Each structure stands twice: as C-alpha cells, then as structure tokens.
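Data block for work27.cif (mmCIF, C-alpha atoms):
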```cif
data_query
loop_
_atom_site.label_atom_id
_atom_site.label_comp_id
_atom_site.auth_asym_id
_atom_site.auth_seq_id
_atom_site.Cartn_x
_atom_site.Cartn_y
_atom_site.Cartn_z
CA MET U 1 -12.87 0.66 -29.98
CA GLU U 2 -15.92 1.93 -28.20
CA ILE U 3 -15.47 4.70 -25.64
CA GLU U 4 -18.20 5.65 -23.20
CA LEU U 5 -18.25 8.59 -20.82
CA PHE U 6 -20.51 8.88 -17.79
CA GLY U 7 -21.74 11.78 -15.67
CA GLN U 8 -19.87 15.06 -15.86
CA LEU U 9 -17.24 13.51 -18.14
CA ALA U 10 -19.86 13.44 -20.91
CA GLU U 11 -20.96 17.07 -20.54
CA GLY U 12 -20.61 18.95 -23.80
CA ARG U 13 -19.69 15.90 -25.92
CA GLU U 14 -21.09 12.63 -27.15
CA ALA U 15 -21.36 10.07 -24.35
CA ILE U 16 -20.59 7.09 -26.60
CA TRP U 17 -18.43 7.02 -29.68
CA GLU U 18 -16.30 4.66 -31.75
CA GLU U 19 -12.70 5.34 -32.69
CA GLU U 20 -9.88 3.45 -34.34
CA ILE U 21 -6.29 3.68 -33.18
CA LEU U 22 -3.23 2.59 -35.13
CA GLN U 23 -1.46 0.91 -32.21
CA PRO U 24 -2.25 -0.06 -28.63
CA LEU U 25 -2.35 2.86 -26.19
CA THR U 26 -2.41 3.06 -22.42
CA VAL U 27 -5.68 4.26 -20.94
CA HIS U 28 -3.84 7.43 -19.89
CA GLU U 29 -2.64 8.08 -23.46
CA LEU U 30 -6.18 7.50 -24.73
CA ALA U 31 -7.63 9.96 -22.20
CA GLU U 32 -5.07 12.59 -23.20
CA LYS U 33 -5.73 12.00 -26.90
CA PHE U 34 -9.43 12.77 -26.38
CA CYS U 35 -8.82 15.64 -23.95
CA LEU U 36 -10.50 14.04 -20.94
CA ASP U 37 -9.91 15.78 -17.63
CA ILE U 38 -8.11 12.95 -15.85
CA GLU U 39 -8.58 14.69 -12.50
CA LEU U 40 -12.33 13.96 -12.81
CA VAL U 41 -11.96 10.24 -13.62
CA GLY U 42 -12.65 8.03 -10.62
CA LEU U 43 -13.08 4.64 -12.30
CA ILE U 44 -12.03 3.10 -15.60
CA SER U 45 -13.30 -0.15 -17.06
CA ILE U 46 -12.06 -2.11 -20.05
CA ASP U 47 -14.56 -4.67 -21.33
CA GLY U 48 -16.45 -4.48 -18.03
CA LYS U 49 -13.42 -5.03 -15.77
CA GLN U 50 -12.02 -2.34 -13.48
CA SER U 51 -8.79 -1.09 -15.01
CA HIS U 52 -5.91 1.30 -14.44
CA TRP U 53 -4.24 4.17 -16.26
CA ASN U 54 -1.30 2.05 -17.46
CA ASP U 55 -3.43 -0.78 -18.95
CA LEU U 56 -3.25 -1.14 -22.73
CA VAL U 57 -6.28 -0.81 -25.01
CA THR U 58 -6.79 -1.79 -28.65
CA ASN U 59 -9.52 -1.40 -31.25
CA GLU U 60 -11.16 -4.55 -29.86
CA ASN U 61 -11.92 -2.98 -26.45
CA ARG U 62 -14.81 -1.09 -24.87
CA ILE U 63 -13.50 1.55 -22.48
CA CYS U 64 -15.70 3.36 -19.96
CA PHE U 65 -14.69 6.39 -17.93
CA PHE U 66 -16.67 7.19 -14.78
CA PRO U 67 -16.37 10.30 -12.59
CA TYR U 68 -15.83 10.08 -8.86
CA LEU U 69 -19.04 9.21 -7.03
CA GLU U 70 -20.58 12.00 -4.99
CA GLY U 71 -23.30 12.15 -2.41
CA GLY U 72 -23.93 10.43 0.82
#
```
Output the file's structure in the form of structure tokens.
Amino acid sequence: MEIELFGQLAEGREAIWEEEILQPLTVHELAEKFCLDIELVGLISIDGKQSHWNDLVTNENRICFFPYLEGG
C-alpha cells in the first residue's frame, strides 16, 4: 500500500512511503500502527475517495491523510 501524509502530519517523517500489511486493517488501526496523531487528521482518502476511520484498507490501496484546513 502507498501511504501519503500532508501538511503537519508529514513533519519529521517521510511524506510518502510504501508498506505491506499481512491482513486488511481499518484506517484507524493503520494510523495507530504508524503512530499518526489522529486528533490532527481532518480528511482521509482511499484511492482518491473520501473515507472514514472504520473503512478497511489492503496492500492494493493508496491512503492519504490530510490535516484539518486552517485559515480564512
């Protein structure tokens, strides 16, 4: 699977990386596995479609985590 982090979620780590998992995981389990601060995540996409914490991901997916939008 390809995982991409945007904005402050990518600070101090690679913004894009590839990983393999042994079984499908929920997006929430994936975020915990890679120590993402879930309080900072405002939007999740799987293969370009807006997704939710309980959606399942596999090695075939591209998952993007976006922080909350700021500004005005």
- [ ] Let me know the residues the PyMOL selection byres ((chain U and resi 18) around 10) catches in the file above, as a ChimeraX atom specification.
- [x] /U:1-4,16-17,19-20,59,62
- [ ] Go through U:Ile46, U:Pro67, U:Phe34, U:Glu29 one by one, measure the shortest atom-to-atom distance of each to Glu14 in chain U using only C-alpha atoms, and give the residue with the smallest value.
- [x] U:Phe34
- [ ] Go through U:Lys49, U:Ile44, U:Gly12, U:Gly7 and flag the residue nearest Glu70 in chain U, using all atoms listed in the file for the distances.
- [x]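 Under the stated criterion, the closest residue is U:Gly7.
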Open item on the list: Can you measure CA of Lys33 in chain U to CA of Val57 in chain U for me? One decimal in Å is fine.
Closed with: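 Answer for the CA of Lys33 in chain U to CA of Val57 in chain U separation: 13.0 Å.
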Open item on the list: As a check of understanding, name the residues that the PyMOL selection byres ((chain U and resi 23) around 9) selects in the supplied structure, as a ChimeraX atom specification.
Closed with: /U:21-22,24-25,57-59
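For range 39-43 of chain U, the list of residues within 7 Å, based on only C-alpha atoms and with local chain neighbours fewer than 6 positions off taken out, reads Phe65, Phe66, Pro67 and Tyr68 of chain U.
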Writing out the chosen residues with C-alpha atoms as a compact mmCIF listing (two decimals), in the coordinates of the input:
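Saved as out.txt:
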```txt
# COMPACT_ATOMS: atom_id res chain seq x y z
CA PHE U 65 -14.69 6.39 -17.93
CA PHE U 66 -16.67 7.19 -14.78
CA PRO U 67 -16.37 10.30 -12.59
CA TYR U 68 -15.83 10.08 -8.86
```
- [ ] List the residues matched by the PyMOL selection byres ((chain U and resi 28) around 9) in the displayed structure as a PyMOL selection string, ordered by chain and then by residue number.
- [x] chain U and resi 25-27+29-33+38+52-55
TODO: Figure out the distance between CA of Gly48 in chain U and CA of Leu9 in chain U, please, to one decimal in Å.
DONE: 18.0 Å
Open item on the list: Considering all atoms listed in the file, can you say which of U:Gln50, U:Cys35, U:Ile63, U:Leu56 comes closest to Phe6 in chain U?
Closed with: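 Result for the nearest residue to Phe6 in chain U: U:Ile63.
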